Amino acid sequence: MLASASALWVLLGALIIDALVGDPAFVWRRLPHPVVWLGALVGFLDRVLNRATWPASRRRIAGVFALVVLIAVAALVGWLVQVALVRVPWGEVVLALVASVFIAQRSLYQHVDGVRAAFASGGLTEARRAVSLIVGRDPESLDESGVSRAAVESCAENFSDGVVAPAFWFALLGLPGLIVYKAVNTADSMIGHRTERHEAFGWAAARVDDLLNLVPARFAGVLITLSAPVVQGRVLATLTLMWRDARLHRSPNAGWPESAIAAALGVALAGPRRYGGHVAPDPFLNAEGRAATPDDIARSLRVLVMASVLHAAIYAALALAV
């Protein structure tokens, strides 16, 4: 499946299926989502291998071992499913359907749009509740601009993590690459935190997740940059600001799509934020931009749609060229 024409067409099919169908609630109310299975495995490894009585060095080694186990299981499952499907009639269609489960274009749009709709229907109180579903910061500490900023940031970062990166690893390594990426990304979200319990144990998950997102995050930033004209942004100015500000972000990757959308919309993003009782004194991206408003959430969704179309078109062009 290594960047073959068939893999690229399967990927294009997966992107189209996800854009049209997303994650149907009637299915996942009855069945556990595969990401839930991955999360259960991460949770099991955390409970069994992350011992509070162990020194940090031993917990870090345990975390590396846990990640190796997680990657091995994810790769094996992906390989078995892929091998089985490519040998049966219509198998590639089913493979596209399976891959679409791990891509989040439609669900990302719906969650971010939920914040916009909450502002319209219930004001700041409802918008805080809606944004709490997609970000980890304390929603009660956010004013209107803070909620809007959080929604726009989530739109950009999750476009990278939930759309561009899974597609990239499927194009490169097929279903095993896609599921391994989702497994590592899930582990990072669960244990890749600098808390007393997880700073050592989750170190490997956080570092490998950074590595796997290195190329996709920059690709996502370029796609957002090219989509800037749909909100009257300028491509060259957006590219320049993304290059200037991306490295200001605490993450080596999230700054690329976030600074790109900040420039495209003309707003300031990131900046100080509160997680529980802790305030993270992060610098702003596009600090000279204006404060974000609820209207910018709708504008970010227009960028998301255009970037997703460009993303799919690039893979279609690659499939024709291979």
# chains A, B, ... in the order shown; residues from 1 in each chain; ligands from 1
$ residues_around --residues "Leu95 (chain A)" --least-positions-apart "4" --cutoff "8 Å" --atoms "only C-alpha atoms" --output "number ranges by chain"
A: 10, 82, 85-86, 91, 99
$ closest_atom_pairs --of "region 177-234 of chain A" --to "region 130-150 of chain A" --cutoff "12 Å" --atoms "only C-alpha atoms" --output "CSV"
residue,atom,partner,partner_atom,distance
A:Ser189,CA,A:Gly136,CA,10.4
A:Met190,CA,A:Gly136,CA,11.8
A:His193,CA,A:Gly136,CA,11.8
$ closest_residue --among "A:Leu301, A:Ala217, A:Gly122, A:Phe168" --to "Ala7 (chain A)" --atoms "only C-alpha atoms"
A:Phe168
$ residues_around --residues "region 255-264 of chain A" --least-positions-apart "2" --cutoff "9 Å" --atoms "only C-alpha atoms" --output "NGL selection string"
:A and (152-157 or 159-160 or 217-225 or 227-229 or 231-235 or 237-253 or 266-270 or 285-286 or 289 or 300 or 303)
$ write_last_selection --atoms "C-alpha atoms" --output "PDB file, in the first residue's frame"
ATOM      1  CA  VAL A 152     -11.085  28.420  16.176  1.00  0.00           C
ATOM      2  CA  GLU A 153      -7.908  26.904  17.621  1.00  0.00           C
ATOM      3  CA  SER A 154      -9.623  23.524  17.962  1.00  0.00           C
ATOM      4  CA  CYS A 155     -10.786  23.744  14.345  1.00  0.00           C
ATOM      5  CA  ALA A 156      -7.227  24.284  13.113  1.00  0.00           C
ATOM      6  CA  GLU A 157      -5.402  21.862  15.411  1.00  0.00           C
ATOM      7  CA  PHE A 159      -7.852  19.519  11.175  1.00  0.00           C
ATOM      8  CA  SER A 160      -4.202  18.555  11.461  1.00  0.00           C
ATOM      9  CA  ALA A 217       1.028  19.669  10.877  1.00  0.00           C
ATOM     10  CA  ARG A 218       3.049  21.682   8.393  1.00  0.00           C
ATOM     11  CA  PHE A 219       1.010  20.271   5.506  1.00  0.00           C
ATOM     12  CA  ALA A 220      -2.165  21.304   7.358  1.00  0.00           C
ATOM     13  CA  GLY A 221      -0.748  24.796   7.814  1.00  0.00           C
ATOM     14  CA  VAL A 222      -0.093  25.085   4.090  1.00  0.00           C
ATOM     15  CA  LEU A 223      -3.615  23.875   3.257  1.00  0.00           C
ATOM     16  CA  ILE A 224      -5.111  26.475   5.596  1.00  0.00           C
ATOM     17  CA  THR A 225      -2.846  29.123   4.082  1.00  0.00           C
ATOM     18  CA  SER A 227      -7.623  28.456   1.795  1.00  0.00           C
ATOM     19  CA  ALA A 228      -7.235  31.968   3.263  1.00  0.00           C
ATOM     20  CA  PRO A 229      -8.891  33.724   0.274  1.00  0.00           C
ATOM     21  CA  VAL A 231     -12.318  34.600   4.166  1.00  0.00           C
ATOM     22  CA  GLN A 232     -10.603  37.458   2.297  1.00  0.00           C
ATOM     23  CA  GLY A 233      -7.203  36.465   3.652  1.00  0.00           C
ATOM     24  CA  ARG A 234      -4.054  36.800   1.560  1.00  0.00           C
ATOM     25  CA  VAL A 235      -2.007  33.680   0.889  1.00  0.00           C
ATOM     26  CA  ALA A 237       0.680  37.290   4.166  1.00  0.00           C
ATOM     27  CA  THR A 238      -0.761  34.180   5.838  1.00  0.00           C
ATOM     28  CA  LEU A 239       2.263  32.120   4.864  1.00  0.00           C
ATOM     29  CA  THR A 240       4.626  34.789   6.182  1.00  0.00           C
ATOM     30  CA  LEU A 241       2.882  35.043   9.527  1.00  0.00           C
ATOM     31  CA  MET A 242       2.636  31.271   9.897  1.00  0.00           C
ATOM     32  CA  TRP A 243       6.387  30.986   9.333  1.00  0.00           C
ATOM     33  CA  ARG A 244       7.010  33.761  11.867  1.00  0.00           C
ATOM     34  CA  ASP A 245       4.698  32.606  14.678  1.00  0.00           C
ATOM     35  CA  ALA A 246       4.388  28.821  14.438  1.00  0.00           C
ATOM     36  CA  ARG A 247       7.404  28.258  16.675  1.00  0.00           C
ATOM     37  CA  LEU A 248       5.924  30.431  19.442  1.00  0.00           C
ATOM     38  CA  HIS A 249       3.459  27.697  20.321  1.00  0.00           C
ATOM     39  CA  ARG A 250       4.301  25.308  23.154  1.00  0.00           C
ATOM     40  CA  SER A 251       3.696  22.390  20.770  1.00  0.00           C
ATOM     41  CA  PRO A 252       6.236  21.784  17.984  1.00  0.00           C
ATOM     42  CA  ASN A 253       3.319  21.080  15.650  1.00  0.00           C
ATOM     43  CA  GLY A 266      -6.901  38.311  11.133  1.00  0.00           C
ATOM     44  CA  VAL A 267      -7.322  37.341  14.803  1.00  0.00           C
ATOM     45  CA  ALA A 268      -4.986  36.719  17.718  1.00  0.00           C
ATOM     46  CA  LEU A 269      -5.004  33.111  18.944  1.00  0.00           C
ATOM     47  CA  ALA A 270      -3.393  31.103  21.766  1.00  0.00           C
ATOM     48  CA  LEU A 285      -0.093  33.922  17.647  1.00  0.00           C
ATOM     49  CA  ASN A 286      -0.660  36.924  15.349  1.00  0.00           C
ATOM     50  CA  GLY A 289      -4.626  40.645  15.260  1.00  0.00           C
ATOM     51  CA  SER A 300     -12.977  29.215  10.449  1.00  0.00           C
ATOM     52  CA  VAL A 303     -11.571  27.701   5.870  1.00  0.00           C
TER      53      VAL A 303
END
$ atom_distance --atom1 "CA of Arg106 (chain A)" --atom2 "CA of Gly177 (chain A)"
21.6 Å
$ residues_around --residues "Leu80 (chain A)" --least-positions-apart "4" --cutoff "10 Å" --atoms "only C-alpha atoms" --output "list in words"
Ala75, Leu76, Ala84, Leu85, Leu175 and Pro176 of chain A
$ atom_distance --atom1 "CA of Val184 (chain A)" --atom2 "CA of Trp203 (chain A)"
11.7 Å
$ residues_around --residues "region 114-118 of chain A" --least-positions-apart "5" --cutoff "9 Å" --atoms "only C-alpha atoms" --output "PyMOL selection string"
chain A and resi 109+123-131+147-148+151+294-298
$ closest_residue --among "A:Ala292, A:Ile71, A:Ala96, A:Ala205" --to "Ala167 (chain A)" --atoms "only C-alpha atoms"
A:Ala96
$ atom_distance --atom1 "CA of Asn213 (chain A)" --atom2 "CA of Gly78 (chain A)"
19.4 Å
